[in-house]
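Source file: entry_28.txt; contents: compact mmCIF, C-alpha atoms and all ligand atoms.
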# COMPACT_ATOMS: atom_id res chain seq x y z
CA MET B 1 20.91 10.75 2.28
CA ASP B 2 20.60 14.49 2.59
CA ASN B 3 17.67 16.82 1.84
CA VAL B 4 15.11 14.62 3.49
CA PHE B 5 11.49 15.71 3.56
CA ASP B 6 8.04 14.25 3.97
CA TYR B 7 4.61 14.80 2.44
CA GLU B 8 3.76 17.82 4.57
CA ASP B 9 7.00 19.60 3.60
CA ILE B 10 6.28 19.68 -0.13
CA GLN B 11 4.10 21.75 -2.45
CA LEU B 12 3.87 20.98 -6.14
CA ILE B 13 4.04 23.96 -8.49
CA PRO B 14 1.14 24.50 -10.92
CA ALA B 15 1.72 24.55 -14.68
CA LYS B 16 -0.56 26.03 -17.36
CA CYS B 17 -3.84 24.13 -17.61
CA ILE B 18 -4.63 22.35 -20.89
CA VAL B 19 -8.11 21.04 -20.07
CA ASN B 20 -11.48 22.80 -19.95
CA SER B 21 -12.82 20.59 -17.21
CA ARG B 22 -11.19 18.43 -14.54
CA SER B 23 -13.40 15.60 -15.77
CA GLU B 24 -11.13 15.39 -18.84
CA CYS B 25 -8.22 14.23 -16.64
CA ASP B 26 -7.53 10.51 -16.64
CA THR B 27 -6.45 9.02 -13.29
CA SER B 28 -6.09 5.45 -14.53
CA ILE B 29 -2.95 3.37 -14.16
CA THR B 30 -1.83 0.09 -15.70
CA LEU B 31 -0.09 -2.46 -13.49
CA GLY B 32 0.69 -6.02 -14.45
CA GLY B 33 -1.24 -5.69 -17.71
CA HIS B 34 -4.44 -4.57 -15.95
CA THR B 35 -5.77 -1.03 -15.96
CA PHE B 36 -7.24 0.39 -12.76
CA LYS B 37 -9.25 3.56 -12.15
CA LEU B 38 -6.93 4.98 -9.51
CA PRO B 39 -3.26 4.58 -8.53
CA VAL B 40 -4.47 3.72 -5.03
CA VAL B 41 -4.77 0.37 -3.26
CA PRO B 42 -6.25 -0.18 0.22
CA ALA B 43 -3.68 -1.67 2.61
CA ASN B 44 -3.63 -5.48 2.84
CA MET B 45 -4.60 -5.35 6.51
CA GLN B 46 -7.42 -7.12 8.33
CA THR B 47 -9.18 -3.89 9.41
CA ILE B 48 -9.00 -2.45 5.88
CA ILE B 49 -10.01 -5.19 3.46
CA ASP B 50 -12.15 -8.33 3.46
CA GLU B 51 -13.65 -10.52 0.73
CA LYS B 52 -16.69 -8.28 0.26
CA ILE B 53 -14.60 -5.14 -0.22
CA ALA B 54 -12.21 -7.01 -2.54
CA ILE B 55 -15.11 -8.06 -4.78
CA ASN B 56 -16.57 -4.57 -4.74
CA LEU B 57 -13.24 -2.97 -5.67
CA ALA B 58 -12.48 -5.48 -8.42
CA GLU B 59 -15.99 -5.22 -9.88
CA ASN B 60 -15.66 -1.45 -10.06
CA GLY B 61 -12.23 -1.32 -11.68
CA TYR B 62 -10.05 -0.64 -8.64
CA PHE B 63 -6.90 -2.53 -7.63
CA TYR B 64 -7.00 -4.48 -4.36
CA ILE B 65 -4.67 -6.77 -2.40
CA MET B 66 -6.31 -9.26 -0.03
CA HIS B 67 -4.52 -9.66 3.33
CA ARG B 68 -2.81 -12.90 4.38
CA PHE B 69 -4.18 -13.30 7.89
CA GLN B 70 -6.72 -16.04 7.14
CA PRO B 71 -4.35 -18.23 5.13
CA GLU B 72 -6.76 -21.17 4.87
CA LYS B 73 -9.26 -19.05 2.90
CA ARG B 74 -6.90 -17.97 0.14
CA ALA B 75 -7.31 -20.84 -2.35
CA ASP B 76 -11.13 -20.58 -2.24
CA PHE B 77 -10.83 -16.81 -2.52
CA ILE B 78 -8.87 -17.14 -5.78
CA LYS B 79 -11.44 -19.63 -7.09
CA ASP B 80 -14.37 -17.35 -6.15
CA MET B 81 -12.83 -14.29 -7.75
CA HIS B 82 -12.07 -16.19 -10.96
CA ASN B 83 -15.60 -17.68 -11.03
CA LYS B 84 -16.89 -14.09 -10.90
CA GLY B 85 -14.56 -13.12 -13.78
CA LEU B 86 -12.50 -10.88 -11.46
CA ILE B 87 -8.76 -10.66 -10.86
CA ALA B 88 -7.36 -12.51 -7.85
CA SER B 89 -4.79 -10.59 -5.80
CA ILE B 90 -3.50 -12.21 -2.61
CA SER B 91 -0.73 -11.80 -0.05
CA VAL B 92 1.78 -14.31 1.28
CA GLY B 93 4.42 -14.38 3.99
CA VAL B 94 7.74 -16.20 3.92
CA LYS B 95 7.36 -19.03 6.43
CA ASP B 96 7.67 -22.71 5.37
CA ASP B 97 3.89 -23.23 4.97
CA GLU B 98 3.81 -20.47 2.40
CA TYR B 99 6.20 -22.41 0.16
CA ASP B 100 3.82 -25.39 0.25
CA PHE B 101 0.87 -23.09 -0.42
CA ILE B 102 2.46 -21.76 -3.62
CA VAL B 103 3.13 -25.31 -4.84
CA GLN B 104 -0.50 -26.27 -4.04
CA LEU B 105 -1.80 -23.33 -6.07
CA ALA B 106 0.37 -24.40 -9.02
CA THR B 107 -0.80 -28.02 -8.73
CA LYS B 108 -4.47 -26.96 -8.67
CA GLU B 109 -3.85 -24.45 -11.47
CA LEU B 110 -5.17 -21.66 -9.27
CA ILE B 111 -3.10 -18.79 -10.56
CA PRO B 112 -3.63 -15.40 -8.94
CA GLU B 113 -2.98 -12.44 -11.20
CA PHE B 114 -1.14 -10.65 -8.34
CA ILE B 115 0.83 -12.00 -5.35
CA THR B 116 2.19 -9.60 -2.74
CA ILE B 117 4.95 -10.76 -0.41
CA ASP B 118 4.08 -8.91 2.77
CA ILE B 119 6.74 -8.74 5.45
CA ALA B 120 8.19 -5.97 7.57
CA HIS B 121 11.83 -6.18 6.48
CA GLY B 122 11.67 -7.09 2.81
CA HIS B 123 15.37 -6.62 2.06
CA SER B 124 16.16 -10.19 3.07
CA ASN B 125 17.06 -13.57 1.65
CA ALA B 126 13.68 -14.79 2.91
CA VAL B 127 11.92 -12.50 0.41
CA ILE B 128 14.41 -13.12 -2.40
CA GLU B 129 13.89 -16.89 -2.05
CA MET B 130 10.10 -16.49 -1.98
CA ILE B 131 10.16 -14.34 -5.13
CA GLN B 132 12.19 -17.04 -6.87
CA HIS B 133 9.88 -19.78 -5.58
CA ILE B 134 6.77 -17.98 -6.87
CA LYS B 135 8.38 -17.23 -10.22
CA LYS B 136 9.35 -20.90 -10.57
CA HIS B 137 5.88 -22.30 -9.78
CA LEU B 138 3.53 -19.47 -10.80
CA PRO B 139 5.45 -17.57 -13.48
CA ALA B 140 2.33 -15.81 -14.76
CA SER B 141 1.60 -14.11 -11.44
CA PHE B 142 2.73 -10.50 -11.01
CA VAL B 143 4.85 -10.37 -7.86
CA ILE B 144 4.93 -7.32 -5.59
CA ALA B 145 7.68 -7.61 -2.96
CA GLY B 146 8.31 -5.62 0.18
CA ASN B 147 8.59 -3.69 2.26
CA VAL B 148 11.85 -1.89 1.65
CA GLY B 149 13.34 1.55 2.14
CA THR B 150 16.57 1.71 0.14
CA PRO B 151 17.66 1.66 -3.52
CA GLU B 152 19.86 -1.39 -2.85
CA ALA B 153 16.82 -3.30 -1.67
CA VAL B 154 14.74 -2.26 -4.68
CA ARG B 155 17.47 -3.42 -7.05
CA GLU B 156 18.01 -6.74 -5.27
CA LEU B 157 14.32 -7.62 -5.21
CA GLU B 158 13.90 -6.58 -8.85
CA ASN B 159 16.92 -8.67 -9.81
CA ALA B 160 15.44 -11.64 -7.95
CA GLY B 161 12.36 -11.36 -10.20
CA ALA B 162 9.97 -9.01 -8.40
CA ASP B 163 7.68 -7.20 -10.83
CA ALA B 164 7.17 -4.29 -8.43
CA THR B 165 8.50 -3.29 -5.03
CA LYS B 166 6.71 -1.73 -2.09
CA VAL B 167 8.49 1.11 -0.28
CA GLY B 168 7.81 2.14 3.31
CA ILE B 169 9.28 0.95 6.59
CA GLY B 170 7.56 2.58 9.51
CA PRO B 171 5.59 5.55 8.13
CA GLY B 172 2.20 3.94 8.83
CA LYS B 173 -0.36 5.48 11.19
CA VAL B 174 -0.49 2.41 13.46
CA CYS B 175 3.22 1.70 13.10
CA ILE B 176 5.53 1.72 16.11
CA THR B 177 8.56 0.25 14.30
CA LYS B 178 10.31 3.60 14.26
CA ILE B 179 9.86 3.99 18.01
CA LYS B 180 10.67 0.42 19.00
CA THR B 181 13.63 -0.16 16.68
CA GLY B 182 14.94 3.27 15.70
CA PHE B 183 14.79 2.29 12.01
CA GLY B 184 12.72 3.19 9.01
CA THR B 185 11.42 5.79 6.62
CA GLY B 186 8.99 7.35 9.11
CA GLY B 187 9.24 11.15 8.87
CA TRP B 188 11.00 11.05 5.48
CA GLN B 189 8.89 8.58 3.52
CA LEU B 190 8.51 10.89 0.51
CA ALA B 191 12.28 11.43 0.24
CA ALA B 192 12.85 7.67 0.65
CA LEU B 193 10.37 7.08 -2.15
CA ARG B 194 12.30 9.46 -4.43
CA TRP B 195 15.60 7.77 -3.47
CA CYS B 196 14.19 4.30 -4.24
CA ALA B 197 12.39 5.38 -7.42
CA LYS B 198 15.64 6.64 -8.93
CA ALA B 199 17.05 3.12 -8.68
CA ALA B 200 13.93 1.28 -9.79
CA SER B 201 13.43 -0.14 -13.26
CA LYS B 202 9.96 -1.49 -12.42
CA PRO B 203 6.91 0.03 -10.69
CA ILE B 204 7.08 1.17 -7.09
CA ILE B 205 4.19 1.16 -4.61
CA ALA B 206 4.50 3.86 -1.94
CA ASP B 207 3.19 2.35 1.30
CA GLY B 208 2.23 4.27 4.43
CA GLY B 209 2.02 7.85 5.59
CA ILE B 210 -0.70 9.05 3.20
CA ARG B 211 -2.76 11.52 5.24
CA THR B 212 -4.48 13.63 2.55
CA HIS B 213 -5.56 13.08 -1.04
CA GLY B 214 -2.87 15.54 -2.15
CA ASP B 215 -0.30 13.06 -0.84
CA ILE B 216 -1.32 10.72 -3.67
CA ALA B 217 -0.24 13.28 -6.29
CA LYS B 218 2.97 13.93 -4.34
CA SER B 219 3.73 10.19 -4.33
CA VAL B 220 3.26 10.05 -8.10
CA ARG B 221 5.54 13.10 -8.50
CA PHE B 222 8.27 11.34 -6.53
CA GLY B 223 8.10 8.08 -8.46
CA ALA B 224 5.21 5.93 -7.26
CA SER B 225 3.08 4.02 -9.75
CA MET B 226 0.62 3.11 -7.01
CA VAL B 227 -0.01 4.22 -3.42
CA MET B 228 -1.04 1.90 -0.56
CA VAL B 229 -3.39 3.49 1.95
CA GLY B 230 -4.46 2.25 5.39
CA SER B 231 -5.78 4.82 7.86
CA LEU B 232 -7.67 6.90 5.28
CA PHE B 233 -9.70 3.77 4.45
CA ALA B 234 -10.19 2.50 8.01
CA GLY B 235 -13.29 4.47 9.04
CA HIS B 236 -15.84 3.54 6.38
CA GLU B 237 -19.11 1.85 7.15
CA GLU B 238 -17.92 -1.20 5.15
CA SER B 239 -14.47 -1.30 6.83
CA PRO B 240 -13.93 -4.64 8.59
CA GLY B 241 -12.75 -3.07 11.89
CA GLU B 242 -15.18 -3.10 14.84
CA THR B 243 -17.52 -0.13 15.13
CA ILE B 244 -17.23 1.46 18.58
CA GLU B 245 -19.50 4.05 20.18
CA LYS B 246 -17.87 6.46 22.64
CA ASP B 247 -19.62 9.46 24.18
CA GLY B 248 -22.27 9.29 21.47
CA LYS B 249 -19.73 9.32 18.65
CA LEU B 250 -18.98 6.43 16.28
CA TYR B 251 -15.47 5.17 15.59
CA LYS B 252 -13.86 2.24 13.79
CA GLU B 253 -10.99 0.15 15.10
CA TYR B 254 -7.79 0.16 13.06
CA PHE B 255 -4.90 -2.06 14.15
CA GLY B 256 -1.43 -2.83 12.81
CA SER B 257 -0.64 -6.18 11.21
CA ALA B 258 2.23 -6.53 13.68
CA SER B 259 0.11 -5.45 16.66
CA GLU B 260 -0.73 -7.66 19.61
CA PHE B 261 -4.35 -7.74 18.35
CA GLN B 262 -3.33 -9.23 15.02
CA LYS B 263 -0.71 -11.60 16.42
CA GLY B 264 -2.67 -12.77 19.46
CA GLU B 265 0.52 -12.55 21.51
CA LYS B 266 2.96 -9.96 22.80
CA LYS B 267 5.93 -11.01 20.67
CA ASN B 268 7.85 -8.72 18.34
CA VAL B 269 5.02 -6.22 18.47
CA GLU B 270 5.59 -3.33 16.03
CA GLY B 271 2.03 -2.07 15.64
CA LYS B 272 -0.74 -0.56 17.71
CA LYS B 273 -4.51 -0.20 17.70
CA MET B 274 -6.35 3.10 17.39
CA LEU B 275 -9.84 4.42 16.80
CA VAL B 276 -10.54 6.47 13.68
CA ASP B 277 -13.62 8.61 13.09
CA HIS B 278 -16.47 6.75 11.45
CA LYS B 279 -17.11 8.21 8.02
CA GLY B 280 -19.35 7.52 5.02
CA SER B 281 -19.00 4.88 2.36
CA LEU B 282 -15.83 3.67 0.70
CA ARG B 283 -17.40 4.52 -2.66
CA ASP B 284 -17.72 8.21 -1.65
CA THR B 285 -14.05 8.37 -0.62
CA LEU B 286 -12.90 6.71 -3.85
CA ASN B 287 -14.97 9.17 -5.88
CA GLU B 288 -13.55 12.10 -3.93
CA MET B 289 -10.01 10.75 -4.38
CA GLU B 290 -10.62 10.51 -8.13
CA GLN B 291 -11.94 14.09 -8.34
CA ASP B 292 -9.04 15.42 -6.25
CA LEU B 293 -6.52 13.56 -8.38
CA GLN B 294 -8.16 14.83 -11.57
CA SER B 295 -7.71 18.31 -10.15
CA SER B 296 -4.04 17.52 -9.35
CA ILE B 297 -3.54 16.43 -12.96
CA SER B 298 -5.08 19.69 -14.22
CA TYR B 299 -2.72 21.70 -11.98
CA SER B 300 0.19 19.73 -13.43
CA GLY B 301 -0.65 21.05 -16.90
CA GLY B 302 -1.63 17.71 -18.41
CA ASN B 303 -4.57 15.39 -18.79
CA LYS B 304 -2.98 12.12 -17.67
CA LEU B 305 -1.41 10.91 -14.43
CA GLU B 306 2.11 10.93 -15.92
CA ALA B 307 1.96 14.74 -16.23
CA ILE B 308 2.34 14.98 -12.44
CA ARG B 309 5.77 13.34 -12.68
CA ASN B 310 7.25 16.38 -14.43
CA VAL B 311 6.07 19.23 -12.22
CA ASP B 312 8.41 21.37 -10.16
CA TYR B 313 8.10 21.51 -6.40
CA VAL B 314 9.24 23.51 -3.42
CA VAL B 315 10.21 22.40 0.05
CA VAL B 316 8.28 24.35 2.67
CA LYS B 317 9.52 22.73 5.84
CA ASN B 318 6.52 21.61 7.95
CA SER B 319 4.53 24.67 7.07
CA ILE B 320 1.96 23.90 4.40
CA PHE B 321 -0.89 23.35 6.85
CA ASN B 322 -0.39 26.53 8.90
CA GLY B 323 -2.37 24.82 11.62
CA ASP B 324 -5.30 24.07 9.26
CA LYS B 325 -7.04 20.73 9.53
CA VAL B 326 -8.25 19.34 6.23
CA TYR B 327 -10.02 16.19 7.37
N1 LIG B 401 5.60 -1.58 6.53
C1 LIG B 401 6.05 -1.59 7.75
O1 LIG B 401 6.70 -0.66 8.22
C2 LIG B 401 5.82 -2.77 8.65
C3 LIG B 401 4.84 -3.66 8.37
N2 LIG B 401 4.58 -4.68 9.22
C4 LIG B 401 3.50 -5.61 8.86
O2 LIG B 401 3.27 -6.52 9.92
C5 LIG B 401 3.00 -7.81 9.43
C6 LIG B 401 3.92 -8.79 10.09
O3 LIG B 401 5.23 -8.60 9.55
P1 LIG B 401 6.41 -9.65 9.83
O4 LIG B 401 6.67 -9.66 11.30
O5 LIG B 401 7.54 -9.35 8.94
O6 LIG B 401 5.74 -10.99 9.34
P2 LIG B 401 5.83 -12.43 9.93
O7 LIG B 401 5.40 -12.40 11.34
O8 LIG B 401 5.10 -13.32 8.98
O9 LIG B 401 7.38 -12.70 9.86
C7 LIG B 401 7.96 -13.06 8.64
C8 LIG B 401 9.24 -13.81 8.88
O10 LIG B 401 10.29 -12.88 8.89
C9 LIG B 401 10.97 -12.92 10.16
N3 LIG B 401 11.23 -11.53 10.51
C10 LIG B 401 10.33 -10.57 10.77
N4 LIG B 401 10.96 -9.41 11.02
C11 LIG B 401 12.28 -9.69 10.89
C12 LIG B 401 13.44 -8.93 11.03
N5 LIG B 401 13.37 -7.62 11.38
N6 LIG B 401 14.63 -9.53 10.83
C13 LIG B 401 14.70 -10.82 10.50
N7 LIG B 401 13.64 -11.60 10.36
C14 LIG B 401 12.43 -11.05 10.56
C15 LIG B 401 10.01 -13.63 11.10
O11 LIG B 401 10.69 -14.32 12.11
P3 LIG B 401 10.68 -13.81 13.64
O12 LIG B 401 9.28 -13.31 13.92
O13 LIG B 401 11.02 -15.03 14.42
O14 LIG B 401 11.72 -12.74 13.71
C16 LIG B 401 9.31 -14.58 10.18
O15 LIG B 401 10.04 -15.73 9.98
C17 LIG B 401 3.11 -7.73 7.90
O16 LIG B 401 1.82 -7.58 7.39
C18 LIG B 401 3.92 -6.48 7.67
O17 LIG B 401 3.58 -5.83 6.46
C19 LIG B 401 5.31 -4.88 10.35
C20 LIG B 401 6.28 -4.01 10.69
C21 LIG B 401 6.68 -2.90 9.84
N1 LIG B 402 5.28 -0.76 11.47
C1 LIG B 402 4.08 -1.28 11.17
N2 LIG B 402 3.55 -0.96 9.98
C2 LIG B 402 2.38 -1.52 9.71
C3 LIG B 402 1.71 -2.36 10.60
N3 LIG B 402 0.58 -2.76 10.01
C4 LIG B 402 0.55 -2.19 8.80
N4 LIG B 402 1.63 -1.43 8.62
C5 LIG B 402 1.98 -0.62 7.46
O1 LIG B 402 1.21 0.59 7.47
C6 LIG B 402 0.65 0.79 6.17
C7 LIG B 402 -0.57 1.69 6.21
O2 LIG B 402 -0.18 2.99 6.59
P1 LIG B 402 -1.19 4.22 6.77
O3 LIG B 402 -0.31 5.34 7.17
O4 LIG B 402 -1.83 4.44 5.43
O5 LIG B 402 -2.18 3.86 7.81
C8 LIG B 402 0.39 -0.62 5.72
O6 LIG B 402 0.17 -0.73 4.33
C9 LIG B 402 1.65 -1.34 6.18
O7 LIG B 402 2.71 -1.21 5.31
C10 LIG B 402 2.30 -2.63 11.84
O8 LIG B 402 1.76 -3.35 12.70
N5 LIG B 402 3.49 -2.06 12.08

Please re-express this file's structure in structure tokens.
Amino acid sequence: MDNVFDYEDIQLIPAKCIVNSRSECDTSITLGGHTFKLPVVPANMQTIIDEKIAINLAENGYFYIMHRFQPEKRADFIKDMHNKGLIASISVGVKDDEYDFIVQLATKELIPEFITIDIAHGHSNAVIEMIQHIKKHLPASFVIAGNVGTPEAVRELENAGADATKVGIGPGKVCITKIKTGFGTGGWQLAALRWCAKAASKPIIADGGIRTHGDIAKSVRFGASMVMVGSLFAGHEESPGETIEKDGKLYKEYFGSASEFQKGEKKNVEGKKMLVDHKGSLRDTLNEMEQDLQSSISYSGGNKLEAIRNVDYVVVKNSIFNGDKVY
């Protein structure tokens, strides 16, 4: 891999505008036969999403993926979502219990619309076997598999039956994989996304490293159908992380799924905990994201998300912020 770059190194080049108002630009995306308002999904982490947020997102036309860290609640969660007429989107791991869980869902005819296989090193036989197991027992579920960081991995998981792959090893805000192992796409996530997208024949979800709303448009330009976002969603009043007051200022806790806090033990820790500034409501952020993305689409010279895929770009090595702070 040469010519590596990350989000902050890239600027997209504007093309002639074809709309009279940014409100004419359509940010919606279809995944697994369902159309969602934004190509953005909150990370399937315990400090980012809970049942209440999942219901709220689904009711309002946004994609969501429930985390897998309260495994015993998942079957009832699917039932509840379906009783409300909403899509069910859950996560699984790859340990033995998860195989039984998939069979139980099939036996009870509880069929989630989306299942995400959520492990750190997704280019593995463990994930390939889980994809095949889900496709055998729940063939109607749309399977998202990850995480990976190479074209070989994307191809192998797609060939095993994955309907989409999730790209990003180590670019996350609370990730310490890159420091503890020396591996990953941290620092060159956007280039890794482009590399993987060239090999993909199915949708790709870019996961980790999104720091500004403009990074969503950049992800779409470099091949993402959807973008998974953690830290930008961690500070809302509804966010499940603890609210902490420090020197008169409010913060929210945000911790990694492979952190000691999540695992309850100091074993194979690859995540940390941090405090993020407390901000307003999730709804306000989603609205702002939509407006910013509509503006991105207008700059791309189109009126639909796909227009962003064709724009030119320049590499401006680590200089686009000039020391400015956006958020
Ligand atoms: N996107 C990212 O960069 C990363 C994300 N995470 C997140 O942390 C959470 C925990 O992830 P994970 O530890 O995979 O999940 P689990 O703890 O559920 O582990 C899944 C299985 O994979 C094995 N495993 C984990 N890592 C490796 C590896 N590097 N090589 C071989 N086998 C491995 C585990 O065994 P054993 O534990 O015995 O090795 C276990 O059997 C997930 O939510 C994941 O998304 C974690 C790190 C990086
Ligand atoms: N290396 C680790 N990565 C993790 C951990 N927990 C979650 N994640 C990944 O981060 C993204 C969110 O990234 P952000 O930059 O938007 O905050 C998330 O979707 C996971 O893929 C972890 O403990 N270690």

May I have a table of the residues of chain B lying at most 8 Å from ligand LIG 402 (chain B), giving each one's closest pair of atoms and their distance in Å to one decimal, counting only C-alpha atoms and all ligand atoms, ordered by chain and ascending residue number, as CSV?
residue,atom,partner,partner_atom,distance
B:Pro42,CA,B:LIG402,O6,7.6
B:Ala43,CA,B:LIG402,O6,4.3
B:Asn44,CA,B:LIG402,O6,6.3
B:Met45,CA,B:LIG402,C4,6.5
B:Ala120,CA,B:LIG402,N1,7.1
B:Asn147,CA,B:LIG402,O7,7.1
B:Gly168,CA,B:LIG402,O7,6.4
B:Ile169,CA,B:LIG402,N1,6.5
B:Gly170,CA,B:LIG402,N1,4.5
B:Pro171,CA,B:LIG402,O3,6.0
B:Gly172,CA,B:LIG402,O3,3.3
B:Lys173,CA,B:LIG402,O3,4.0
B:Val174,CA,B:LIG402,C3,6.0
B:Cys175,CA,B:LIG402,N1,3.6
B:Ile176,CA,B:LIG402,N1,5.3
B:Thr177,CA,B:LIG402,N1,4.4
B:Lys178,CA,B:LIG402,N1,7.2
B:Asp207,CA,B:LIG402,O6,5.3
B:Gly208,CA,B:LIG402,O2,3.5
B:Gly209,CA,B:LIG402,O3,3.8
B:Ile210,CA,B:LIG402,O4,5.2
B:Arg211,CA,B:LIG402,O3,6.9
B:Met228,CA,B:LIG402,O6,5.7
B:Val229,CA,B:LIG402,O4,3.9
B:Gly230,CA,B:LIG402,O4,3.4
B:Ser231,CA,B:LIG402,O5,3.7
B:Leu232,CA,B:LIG402,O4,6.3
B:Phe233,CA,B:LIG402,O4,8.0
B:Phe255,CA,B:LIG402,N3,6.9
B:Gly256,CA,B:LIG402,O8,3.2
B:Ser257,CA,B:LIG402,N3,3.8
B:Ala258,CA,B:LIG402,O8,3.4
B:Ser259,CA,B:LIG402,O8,4.8
B:Val269,CA,B:LIG402,O8,7.2
B:Glu270,CA,B:LIG402,N5,4.7
B:Gly271,CA,B:LIG402,O8,3.2
B:Lys272,CA,B:LIG402,O8,6.3

Could you work out an axis-aligned bounding box for all listed atoms of ligand LIG 401 (chain B), with 5 Å added on each of the six sides, and give its centre and edge lengths in Å to one decimal, as lines of an AutoDock Vina configuration file?
center_x = 8.3
center_y = -8.2
center_z = 10.4
size_x = 22.9
size_y = 25.1
size_z = 18.0

Tell me which of B:Ser23, B:Asn287, B:Thr47, B:Asn159 sits closest to ligand LIG 401 (chain B), counting all atoms listed in the file.
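Closest to ligand LIG 401 (chain B), using all atoms listed in the file: B:Thr47.
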
Tell me, as a list in words, which residues lie within 8 Å of stretch 63-65 of chain B, counting all atoms listed in the file; anything in the same chain fewer than 4 positions away does not count.
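Final neighbour list, sorted by chain and number: Phe36, Lys37, Leu38, Val40, Val41, Pro42, Ala43, Asn44, Ala54, Leu57, Ala58, Ser89, Ile90, Ser91, Phe114 and Thr116 of chain B.
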
Measuring atom to atom with all atoms listed in the file, identify which of B:Lys73, B:Lys52, B:Lys84, B:Lys180 is nearest to ligand LIG 401 (chain B).
B:Lys180

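Straight-line separation from atom CA of B:Leu157 to atom CA of B:Gly122: 8.5 Å.
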
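Counting only C-alpha atoms and comparing B:Ala224, B:Ser298, B:Asn310, B:Val127, the residue that lies closest to B:Lys16 is B:Ser298.
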
With all atoms listed in the file as the basis for distance, which of B:Met81, B:Ala126, B:Leu110, B:Ile53 is at the shortest distance from B:Asp96?
B:Ala126

My list of candidates is B:Val227, B:Leu293, B:Glu288, B:Met1. Which is closest to B:Thr150 when distances are computed with all atoms listed in the file?
B:Met1

Of the candidates B:Val154, B:Ile29, B:Gln11, B:Thr165, which shows the shortest atom-to-atom distance to B:Val311, using all atoms listed in the file?
B:Gln11

Interatomic distance between atom CA of B:Ile55 and atom CA of B:Gly85?
10.3 Å

Please report the interatomic distance between atom CA of B:Ser141 and atom CA of B:Asp118 in Å with one decimal.
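Between atom CA of B:Ser141 and atom CA of B:Asp118 the gap is 15.3 Å.
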
Determine, counting all atoms listed in the file, which protein, DNA and RNA residues have an atom within 8 Å of an atom of B:Gly149; residues of the same chain fewer than 4 positions away are not included. Present the result as a PyMOL selection string.
chain B and resi 153-154+167-169+184-185+192-193+196

Shell of 8 Å around B:Ala162, only C-alpha atoms, local chain residues under 4 positions omitted, as a list in words
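After dropping sequence-adjacent residues, the list is Ile131, Phe142, Val143, Ile144, Ala145, Leu157 and Glu158 of chain B.
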
Within 6 Å of stretch 273-276 of chain B using only C-alpha atoms, minus same-chain residues under 4 positions, as an mmCIF file with C-alpha atoms, in the coordinates of the input:
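The result, stored in out09.cif:
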data_model
loop_
_atom_site.group_PDB
_atom_site.id
_atom_site.type_symbol
_atom_site.label_atom_id
_atom_site.label_comp_id
_atom_site.auth_asym_id
_atom_site.auth_seq_id
_atom_site.Cartn_x
_atom_site.Cartn_y
_atom_site.Cartn_z
ATOM 1 C CA GLY B 235 -13.290 4.470 9.040
ATOM 2 C CA TYR B 251 -15.470 5.170 15.590
ATOM 3 C CA LYS B 252 -13.860 2.240 13.790
ATOM 4 C CA GLU B 253 -10.990 0.150 15.100
ATOM 5 C CA TYR B 254 -7.790 0.160 13.060
ATOM 6 C CA PHE B 255 -4.900 -2.060 14.150
#

Can you list, as a count of residues only, every protein, DNA or RNA residue that comes within 9 Å of B:Gly280 when you count only C-alpha atoms, leaving out same-chain residues fewer than 2 positions away?
9

N, CA and C atoms restored at stretch 230-239 of chain B, emitted as an mmCIF file, in the frame of the given file:
data_model
loop_
_atom_site.group_PDB
_atom_site.id
_atom_site.type_symbol
_atom_site.label_atom_id
_atom_site.label_comp_id
_atom_site.auth_asym_id
_atom_site.auth_seq_id
_atom_site.Cartn_x
_atom_site.Cartn_y
_atom_site.Cartn_z
ATOM 1 N N GLY B 230 -3.768 2.930 4.296
ATOM 2 C CA GLY B 230 -4.460 2.250 5.390
ATOM 3 C C GLY B 230 -5.444 3.154 6.100
ATOM 4 N N SER B 231 -4.914 4.063 6.941
ATOM 5 C CA SER B 231 -5.780 4.820 7.860
ATOM 6 C C SER B 231 -6.888 5.593 7.158
ATOM 7 N N LEU B 232 -6.626 6.136 5.980
ATOM 8 C CA LEU B 232 -7.670 6.900 5.280
ATOM 9 C C LEU B 232 -8.847 6.016 4.860
ATOM 10 N N PHE B 233 -8.619 4.689 4.837
ATOM 11 C CA PHE B 233 -9.700 3.770 4.450
ATOM 12 C C PHE B 233 -10.299 3.032 5.660
ATOM 13 N N ALA B 234 -9.801 3.326 6.861
ATOM 14 C CA ALA B 234 -10.190 2.500 8.010
ATOM 15 C C ALA B 234 -11.576 2.816 8.575
ATOM 16 N N GLY B 235 -12.080 4.032 8.334
ATOM 17 C CA GLY B 235 -13.290 4.470 9.040
ATOM 18 C C GLY B 235 -14.604 4.294 8.303
ATOM 19 N N HIS B 236 -14.586 3.622 7.156
ATOM 20 C CA HIS B 236 -15.840 3.540 6.380
ATOM 21 C C HIS B 236 -16.837 2.570 6.994
ATOM 22 N N GLU B 237 -18.098 2.752 6.597
ATOM 23 C CA GLU B 237 -19.110 1.850 7.150
ATOM 24 C C GLU B 237 -18.834 0.396 6.761
ATOM 25 N N GLU B 238 -18.222 0.179 5.577
ATOM 26 C CA GLU B 238 -17.920 -1.200 5.150
ATOM 27 C C GLU B 238 -16.627 -1.735 5.755
ATOM 28 N N SER B 239 -15.796 -0.858 6.354
ATOM 29 C CA SER B 239 -14.470 -1.300 6.830
ATOM 30 C C SER B 239 -14.638 -2.434 7.838
#
